[in-house]
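For reference, the structure is listed below as structure tokens.
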Amino acid sequence: MQLIDGKATATAIKAEIAERVKHIVAAGGKRPHLAAVLVGHDGGSETYVKNKVLACEQCGFTSTLIRYEDDVTEEELLRCVAKLNADTEIDGFIVQLPLPKHIDEQKIIEAIDYRKDVDGFHPINVGRMSIGLPCFISATPLGILTLLKRYNIETSGKKCVILGRSNIVGKPMAQLMMQKQYGDSTVTVCHSRSKTLKEECRQADIIIAAIGQPEFVTADMVKEGAVVIDVGTTRVPDATRKSGFRLTGDVKFDEVSPKCSYITPVPGGVGPMTICSLMLNTLKAASDK
């Protein structure tokens with residue numbers, strides 16, 4: 001069993017990006033600029049945005065953080081998006097999700113200029129991705145593809161089972177793993193209503209677990225030598241920890257890992273690659289101009 005170290009891979013990629021930025025700036029080019037819009041004070045979102053700002057520093061990017069309180073109106077947020085769309089200094093930007101209930105998330109996403117949509121959520125980017133055209137691939141699926149490539153994991157012709165059908169991970173991951181230029185795999189998507197979920201998993205060469213249920217994947221669902229990518233991150237109460245909780249993935253790691261050829265840990269697997277992918281997308285946005 002080999003552990004797929006997302007933390008080390010992300011660190012290496014950020015160093016490669018920083019090197020490229022150094023050359024761009026030395027040649028008289030513009031330093032890539034990423035902006036993030038944060039609404040409210042959600043703990044998870046705060047941490048995520050703080051890590052993005054830190055990653056920008058490590059990559060040599062310029063970063064801007066725009067903050068709004070929970071009571072910001074939809075109109076005000078749409079005005080902010082329009083301003084960022086028009087700002088030639090900003091190469092890419094993200095509006096951190098989730099947004100407060102009174103704001104229509106889809107409306108905000110669709111207002112973003114798809115050429116600056118480094119999160120890859122705009123319908124134009126999603127559509128282009130689904131038919132294999134150049135686009136911004138959303139950060140988590142891009143991070144998974146990068147890990148598979150960096151670890152030279154063979155995907156072509158393999159049976160890949162994806163657990164979960166979310167717009168952020170499950171659906172794009174299925175599209176990408178199916179496409180010749182990326183996964184070139186035979187793909188099955190399973191979800192909470194799938195009757196033969198366990199049987200499908202037992203036949204899989206690659207399992208990508210993004211179902212959002214802690215320790216859902218158990219040893220009896222995994223065949224010997226399978227590759228397991230765990231996308232889940234759920235806070236589970238743990239009295240032995242100072243924080244009072246621990247992060248747990250969708251895979252029962254201690255039980256499943258001995259059967260795997262490769263597996264991602266939680267934390268330190270897919271998570272660090274998500275922010276790293278956002279940096280890759282921002283570099284692409286700056287280079288495409």
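Ordering of the structure tokens sets the chain letters (A, B, ...); residue numbers start at 1 within each chain; ligands are numbered from 1 in the order shown.
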
Check which residues of stretch 81-121 of chain A sit at most 10 Å from stretch 269-280 of chain A using only C-alpha atoms, and return one row each with the closest pair of atoms and their distance in Å to one decimal, ordered by chain and rising number, as JSON lines.
{"residue": "A:Gly92", "atom": "CA", "partner": "A:Leu278", "partner_atom": "CA", "distance": 9.5}
{"residue": "A:Phe93", "atom": "CA", "partner": "A:Leu278", "partner_atom": "CA", "distance": 9.7}
{"residue": "A:Ile94", "atom": "CA", "partner": "A:Leu278", "partner_atom": "CA", "distance": 9.3}
{"residue": "A:Val118", "atom": "CA", "partner": "A:Leu278", "partner_atom": "CA", "distance": 6.3}
{"residue": "A:Asp119", "atom": "CA", "partner": "A:Leu278", "partner_atom": "CA", "distance": 6.6}
{"residue": "A:Gly120", "atom": "CA", "partner": "A:Leu278", "partner_atom": "CA", "distance": 9.2}

**Q.** Close residues, A:Tyr68 itself excluded, 8 Å, only C-alpha atoms, min 6 positions apart in chain, as a list in words
**A.** Val37, Leu38, Val39 and Gly40 of chain A

Q: Identify all residues of stretch 51-234 of chain A in strand (DSSP E) (DSSP on the backbone) and supply them as a ChimeraX atom specification.
A: /A:62-68,92-95,159-163,186-190,206-209,226-230,234

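Comparing A:Leu283, A:Cys190, A:Leu142, A:Val95 by their smallest distance to A:Ala18, the closest is A:Leu283 (using only C-alpha atoms).
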
Q) Could you write out, as a VMD selection string, all the residues of stretch 114-287 of chain A that DSSP marks as helix (DSSP H, G or I)? A) chain A and resid 123 to 130 139 to 150 170 to 178 197 to 202 219 to 221 253 to 259 270 to 287

(Q) Which residue is closest to A:Val72? Choose from A:Pro100, A:Pro134, A:Gly212, A:Gly29 and count only C-alpha atoms. (A) A:Pro100

Q: Might you pull out every residue within 10 Å of A:Tyr114, with only C-alpha atoms counted and same-chain residues fewer than 6 positions away left off, and present them as a PyMOL selection string?
A: chain A and resi 85+92+120-126+135-136

Please dump the current selection as a compact mmCIF listing (two decimals), in the first residue's frame; keep all heavy atoms.
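Once written, result_21.txt looks like this:
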# COMPACT_ATOMS: atom_id res chain seq x y z
N ASN A 85 -15.36 41.57 -12.66
CA ASN A 85 -15.35 41.17 -14.08
C ASN A 85 -14.66 42.24 -14.93
O ASN A 85 -13.91 41.92 -15.87
CB ASN A 85 -16.79 41.00 -14.61
CG ASN A 85 -17.44 39.70 -14.16
OD1 ASN A 85 -16.77 38.76 -13.75
ND2 ASN A 85 -18.76 39.66 -14.22
N GLY A 92 -8.34 36.31 -12.03
CA GLY A 92 -9.38 35.34 -11.66
C GLY A 92 -9.92 35.67 -10.29
O GLY A 92 -9.23 36.30 -9.48
N GLY A 120 -14.21 27.20 -11.65
CA GLY A 120 -14.75 26.27 -12.66
C GLY A 120 -16.21 25.90 -12.46
O GLY A 120 -16.64 24.82 -12.86
N PHE A 121 -17.01 26.80 -11.85
CA PHE A 121 -18.41 26.50 -11.57
C PHE A 121 -19.38 27.08 -12.59
O PHE A 121 -20.56 26.73 -12.61
CB PHE A 121 -18.81 27.04 -10.17
CG PHE A 121 -18.14 26.33 -9.02
CD1 PHE A 121 -18.04 26.95 -7.77
CD2 PHE A 121 -17.60 25.06 -9.18
CE1 PHE A 121 -17.42 26.30 -6.71
CE2 PHE A 121 -16.97 24.42 -8.11
CZ PHE A 121 -16.88 25.03 -6.88
N HIS A 122 -18.92 28.03 -13.41
CA HIS A 122 -19.82 28.67 -14.38
C HIS A 122 -20.31 27.64 -15.40
O HIS A 122 -19.54 26.79 -15.85
CB HIS A 122 -19.09 29.81 -15.10
CG HIS A 122 -20.02 30.70 -15.87
ND1 HIS A 122 -20.56 30.32 -17.08
CD2 HIS A 122 -20.52 31.93 -15.60
CE1 HIS A 122 -21.35 31.28 -17.52
NE2 HIS A 122 -21.34 32.27 -16.64
N PRO A 123 -21.61 27.69 -15.78
CA PRO A 123 -22.14 26.71 -16.75
C PRO A 123 -21.32 26.62 -18.05
O PRO A 123 -21.25 25.53 -18.63
CB PRO A 123 -23.56 27.23 -17.03
CG PRO A 123 -23.93 27.99 -15.80
CD PRO A 123 -22.68 28.60 -15.29
N ILE A 124 -20.71 27.71 -18.48
CA ILE A 124 -19.90 27.65 -19.71
C ILE A 124 -18.67 26.77 -19.48
O ILE A 124 -18.34 25.91 -20.31
CB ILE A 124 -19.49 29.06 -20.21
CG1 ILE A 124 -20.74 29.78 -20.74
CG2 ILE A 124 -18.40 28.98 -21.28
CD1 ILE A 124 -20.52 31.20 -21.22
N ASN A 125 -18.00 26.93 -18.33
CA ASN A 125 -16.84 26.08 -18.02
C ASN A 125 -17.26 24.62 -17.83
O ASN A 125 -16.59 23.71 -18.29
CB ASN A 125 -16.10 26.60 -16.78
CG ASN A 125 -15.17 27.74 -17.12
OD1 ASN A 125 -14.46 27.71 -18.14
ND2 ASN A 125 -15.17 28.77 -16.30
N VAL A 126 -18.40 24.42 -17.14
CA VAL A 126 -18.90 23.05 -16.91
C VAL A 126 -19.24 22.39 -18.25
O VAL A 126 -18.88 21.23 -18.50
CB VAL A 126 -20.14 23.07 -15.97
CG1 VAL A 126 -20.75 21.68 -15.85
CG2 VAL A 126 -19.75 23.59 -14.59
N CYS A 135 -10.93 24.72 -20.69
CA CYS A 135 -11.78 25.40 -19.72
C CYS A 135 -11.07 25.40 -18.37
O CYS A 135 -9.99 24.84 -18.24
CB CYS A 135 -13.12 24.65 -19.58
SG CYS A 135 -12.88 22.98 -18.91
N PHE A 136 -11.72 26.03 -17.39
CA PHE A 136 -11.24 25.89 -16.00
C PHE A 136 -11.96 24.71 -15.39
O PHE A 136 -13.19 24.69 -15.31
CB PHE A 136 -11.53 27.16 -15.19
CG PHE A 136 -10.74 28.36 -15.64
CD1 PHE A 136 -11.38 29.49 -16.09
CD2 PHE A 136 -9.36 28.33 -15.61
CE1 PHE A 136 -10.66 30.59 -16.52
CE2 PHE A 136 -8.62 29.43 -16.03
CZ PHE A 136 -9.28 30.56 -16.50

Q) In terms of the shortest atom-to-atom distance over only C-alpha atoms, which of A:Ile24, A:Arg202, A:Lys101, A:Leu34 is closest to A:Met221? A) A:Arg202

Q. Looking at only C-alpha atoms, which of A:Gly132, A:Phe216, A:Ala8, A:Arg165 is the one that sits closest to A:Tyr182?
A. A:Gly132

Q.
Can you pull out the residues contacting A:Ile131? Cut-off 9 Å, using only C-alpha atoms, and skip same-chain residues under 2 positions away; I want them as an NGL selection string.
A. :A and (127-129 or 133 or 175 or 179)

Q) Residues at most 12 Å from stretch 78-80 of chain A, counting only C-alpha atoms, excluding those fewer than 2 positions away in the same chain, as an NGL selection string? A) :A and (35-39 or 66-68 or 72-76 or 82-87 or 93-95 or 103-113)

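Residues surrounding A:Ser156 within 9 Å are A:Met177, A:Lys180, A:Tyr182, A:Gly183, A:Asp184, A:Ser185, A:Thr186 [only C-alpha atoms; sequence separation below 4 positions excluded].
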
Deliver the residues from the most recent selection as a file, using N, CA, C and O atoms, as a PDB file, in the first residue's frame.
ATOM      1  N   MET A 177     -13.147  11.390 -15.808  1.00  0.00           N
ATOM      2  CA  MET A 177     -12.594  10.030 -15.802  1.00  0.00           C
ATOM      3  C   MET A 177     -13.015   9.245 -17.045  1.00  0.00           C
ATOM      4  O   MET A 177     -12.366   8.304 -17.455  1.00  0.00           O
ATOM      5  N   LYS A 180     -11.212  10.558 -22.898  1.00  0.00           N
ATOM      6  CA  LYS A 180      -9.972   9.961 -23.396  1.00  0.00           C
ATOM      7  C   LYS A 180      -8.723  10.706 -22.912  1.00  0.00           C
ATOM      8  O   LYS A 180      -7.730  10.098 -22.530  1.00  0.00           O
ATOM      9  N   TYR A 182      -8.225  12.451 -20.276  1.00  0.00           N
ATOM     10  CA  TYR A 182      -7.995  12.479 -18.837  1.00  0.00           C
ATOM     11  C   TYR A 182      -7.945  11.064 -18.254  1.00  0.00           C
ATOM     12  O   TYR A 182      -6.891  10.482 -18.128  1.00  0.00           O
ATOM     13  N   GLY A 183      -9.117  10.524 -17.880  1.00  0.00           N
ATOM     14  CA  GLY A 183      -9.114   9.213 -17.221  1.00  0.00           C
ATOM     15  C   GLY A 183      -9.139   8.043 -18.179  1.00  0.00           C
ATOM     16  O   GLY A 183      -8.508   7.022 -17.953  1.00  0.00           O
ATOM     17  N   ASP A 184      -9.928   8.174 -19.277  1.00  0.00           N
ATOM     18  CA  ASP A 184     -10.076   7.091 -20.257  1.00  0.00           C
ATOM     19  C   ASP A 184     -10.550   5.799 -19.584  1.00  0.00           C
ATOM     20  O   ASP A 184     -10.178   4.701 -19.969  1.00  0.00           O
ATOM     21  N   SER A 185     -11.384   5.956 -18.549  1.00  0.00           N
ATOM     22  CA  SER A 185     -11.852   4.808 -17.753  1.00  0.00           C
ATOM     23  C   SER A 185     -13.297   4.453 -18.100  1.00  0.00           C
ATOM     24  O   SER A 185     -14.002   5.212 -18.751  1.00  0.00           O
ATOM     25  N   THR A 186     -13.719   3.282 -17.597  1.00  0.00           N
ATOM     26  CA  THR A 186     -15.140   2.915 -17.642  1.00  0.00           C
ATOM     27  C   THR A 186     -15.730   3.372 -16.314  1.00  0.00           C
ATOM     28  O   THR A 186     -15.278   2.931 -15.250  1.00  0.00           O
TER      29      THR A 186
END

**Q.** Top pick for closest residue to A:Glu215, considering A:Met1, A:Val256, A:Met178, A:Cys201 and counting only C-alpha atoms
**A.** A:Val256

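Interatomic distance, atom CA of A:Ile208 to atom CA of A:Pro265: 12.6 Å.
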
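Candidate residues A:Gly60, A:Leu65, A:Ser166, A:Asp5 were compared for distance to A:His23, and the nearest is A:Gly60, using only C-alpha atoms.
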